[in-house]
Structure formats: C-alpha cells, structure tokens
>>> print(open('entry.pdb').read())   # PDB, C-alpha atoms
ATOM      1  CA  MET K   1      17.605   9.736 -21.132
ATOM      2  CA  GLY K   2      16.936  10.293 -17.427
ATOM      3  CA  SER K   3      13.688  12.103 -18.184
ATOM      4  CA  VAL K   4      12.350   9.062 -20.047
ATOM      5  CA  GLU K   5      13.206   6.888 -17.035
ATOM      6  CA  ASP K   6      11.616   9.455 -14.695
ATOM      7  CA  ALA K   7       8.454   9.505 -16.813
ATOM      8  CA  GLY K   8       8.293   5.698 -16.722
ATOM      9  CA  ALA K   9       8.705   5.641 -12.948
ATOM     10  CA  GLU K  10       6.056   8.335 -12.574
ATOM     11  CA  THR K  11       3.628   6.399 -14.770
ATOM     12  CA  GLU K  12       4.265   3.236 -12.735
ATOM     13  CA  ARG K  13       3.700   5.169  -9.486
ATOM     14  CA  ASP K  14       0.455   6.654 -10.856
ATOM     15  CA  GLU K  15      -0.757   3.180 -11.825
ATOM     16  CA  LEU K  16       0.040   1.903  -8.324
ATOM     17  CA  VAL K  17      -1.908   4.793  -6.793
ATOM     18  CA  ASP K  18      -4.871   3.970  -9.054
ATOM     19  CA  ARG K  19      -4.787   0.269  -8.128
ATOM     20  CA  CYS K  20      -4.616   1.122  -4.414
ATOM     21  CA  ALA K  21      -7.599   3.455  -4.850
ATOM     22  CA  GLN K  22      -9.496   0.614  -6.538
ATOM     23  CA  ALA K  23      -8.649  -1.686  -3.627
ATOM     24  CA  THR K  24      -9.789   0.982  -1.170
ATOM     25  CA  GLN K  25     -13.199   1.229  -2.787
ATOM     26  CA  ARG K  26     -13.580  -2.485  -3.396
ATOM     27  CA  PHE K  27     -12.565  -3.616   0.093
ATOM     28  CA  GLY K  28     -13.740  -0.658   2.177
ATOM     29  CA  LEU K  29     -10.377   0.638   3.377
ATOM     30  CA  SER K  30     -10.085   3.916   5.242
ATOM     31  CA  GLN K  31      -8.044   6.779   3.808
ATOM     32  CA  ARG K  32      -5.203   6.039   6.238
ATOM     33  CA  GLU K  33      -5.292   2.340   5.369
ATOM     34  CA  GLU K  34      -5.009   3.300   1.704
ATOM     35  CA  GLU K  35      -1.890   5.348   2.498
ATOM     36  CA  VAL K  36      -0.379   2.382   4.333
ATOM     37  CA  LEU K  37      -1.410   0.036   1.511
ATOM     38  CA  ARG K  38       0.330   2.239  -1.046
ATOM     39  CA  LEU K  39       3.547   2.128   0.962
ATOM     40  CA  LEU K  40       3.287  -1.636   1.508
ATOM     41  CA  ALA K  41       2.802  -2.122  -2.238
ATOM     42  CA  GLN K  42       6.019  -0.140  -2.749
ATOM     43  CA  HIS K  43       7.784  -2.729  -0.548
ATOM     44  CA  LYS K  44       8.378  -0.219   2.260
ATOM     45  CA  LYS K  45       9.318  -1.627   5.655
ATOM     46  CA  ILE K  46       7.249  -0.870   8.753
ATOM     47  CA  GLY K  47       9.902   1.567   9.998
ATOM     48  CA  SER K  48       9.674   3.578   6.773
ATOM     49  CA  ILE K  49       5.881   3.594   6.946
ATOM     50  CA  GLU K  50       6.031   4.912  10.507
ATOM     51  CA  GLN K  51       8.377   7.725   9.500
ATOM     52  CA  GLU K  52       6.556   8.709   6.319
ATOM     53  CA  LEU K  53       3.131   8.811   7.979
ATOM     54  CA  PHE K  54       4.308  10.045  11.408
ATOM     55  CA  ILE K  55       2.684   7.139  13.230
ATOM     56  CA  SER K  56       3.869   4.738  15.922
ATOM     57  CA  ASN K  57       4.981   1.181  15.299
ATOM     58  CA  ASN K  58       1.817  -0.174  16.946
ATOM     59  CA  THR K  59      -0.409   2.060  14.813
ATOM     60  CA  ALA K  60       1.369   0.952  11.635
ATOM     61  CA  LYS K  61       0.987  -2.707  12.609
ATOM     62  CA  THR K  62      -2.696  -2.188  13.435
ATOM     63  CA  HIS K  63      -3.353  -0.628  10.015
ATOM     64  CA  ILE K  64      -1.479  -3.482   8.329
ATOM     65  CA  ARG K  65      -3.496  -6.078  10.267
ATOM     66  CA  HIS K  66      -6.749  -4.380   9.228
ATOM     67  CA  ILE K  67      -5.637  -4.188   5.595
ATOM     68  CA  TYR K  68      -4.687  -7.872   5.528
ATOM     69  CA  ARG K  69      -8.025  -8.843   7.068
ATOM     70  CA  LYS K  70     -10.098  -6.678   4.719
ATOM     71  CA  LEU K  71      -8.213  -7.871   1.620
ATOM     72  CA  ASP K  72      -8.155 -11.474   2.921
ATOM     73  CA  VAL K  73      -4.397 -11.848   2.438
ATOM     74  CA  HIS K  74      -1.849 -13.375   4.781
ATOM     75  CA  SER K  75       1.475 -12.032   3.517
ATOM     76  CA  ARG K  76       2.938  -9.035   1.770
ATOM     77  CA  ASP K  77       3.513 -11.163  -1.338
ATOM     78  CA  GLU K  78      -0.210 -11.991  -1.474
ATOM     79  CA  LEU K  79      -1.024  -8.313  -0.956
ATOM     80  CA  VAL K  80       1.286  -7.187  -3.780
ATOM     81  CA  ASP K  81      -0.092  -9.903  -6.091
ATOM     82  CA  LEU K  82      -3.631  -8.742  -5.357
ATOM     83  CA  ILE K  83      -2.775  -5.089  -6.020
ATOM     84  CA  ASP K  84      -0.961  -6.024  -9.225
ATOM     85  CA  SER K  85      -3.984  -8.035 -10.401
ATOM     86  CA  LEU K  86      -6.147  -4.897 -10.203
ATOM     87  CA  GLY K  87      -4.083  -3.266 -12.967
TER      88      GLY K  87
END
>>> encode(input="entry.pdb", output="structure tokens")
Amino acid sequence: MGSVEDAGAETERDELVDRCAQATQRFGLSQREEEVLRLLAQHKKIGSIEQELFISNNTAKTHIRHIYRKLDVHSRDELVDLIDSLG
C-alpha cells in the first residue's frame, strides 16, 4: 500500500513542479526564483529554503520579495492559491 501512496505523492510533486514552471514562464521568474517558488509552494519555511539551496537568509528573503512582486501577491496563502489555480 505504501507504493500507491508514494506514487500519489510523486504525482502531486510533479504537478507542483509543472505549475511552478508555468508560473516561471508566465511571470518571468529566474531559475533560482523558480526553485524558491517551488519550496514556498511546499510550505517550506525560510530556514529550510536557505539550507536546501545553500543561500543566506537575506538572499532567500530577496528572492521571495522578487517572487511576490512579479506574481503580484502579498502573502504565502495568495502565492499558493495562485500556483494551485495554474493546475
């Protein structure tokens, strides 16, 4: 039964990656911003984003600020709703 759950999680992750790629093209995000976007959409905290991407806190916050501006969102909830709507 675990393999069915794993396959479902993998499919969901693939769909998230596809939606983030759509957002990248549509809103002109950089490759690094897309990586940060993907992690934000997975509800990762800034500290986790820093560790996963090997970037400083200020760099993570700068990418997040740019993403919010380009996508014209003001909160993570708005960002996640926008990404979900691309599916």
>>> residues_around(input="entry.pdb", residues="Ala41 in chain K", least_positions_apart="5", cutoff="12 Å", atoms="all atoms listed in the file", output="number ranges by chain")
K: 12-13, 15-20, 23, 33-36, 46, 49, 64, 67, 75-84
>>> axis_aligned_box(input="entry.pdb", around="range 46-53 of chain K", padding_each_side="6 Å", output="AutoDock Vina command-line options")
--center_x 6.5 --center_y 4.0 --center_z 8.4 --size_x 18.8 --size_y 21.7 --size_z 16.2
>>> resolve_selection(input="entry.pdb", expression="the PyMOL selection byres ((chain K and resi 52-59) around 12)", output="JSON, numbers by chain")
{"K": [32, 33, 34, 35, 36, 37, 38, 39, 40, 44, 45, 46, 47, 48, 49, 50, 51, 60, 61, 62, 63, 64, 65, 66]}
>>> atom_distance(input="entry.pdb", atom1="CA of Glu10 in chain K", atom2="CA of Leu71 in chain K")
25.8 Å
>>> atom_distance(input="entry.pdb", atom1="CA of Thr11 in chain K", atom2="CA of Thr24 in chain K")
19.9 Å
>>> closest_residue(input="entry.pdb", among="K:Lys70, K:Gly87, K:Asp14, K:Gly8", to="Ser30 in chain K", atoms="all atoms listed in the file")
K:Lys70
>>> atom_distance(input="entry.pdb", atom1="CA of Gln22 in chain K", atom2="CA of Asp6 in chain K")
24.3 Å
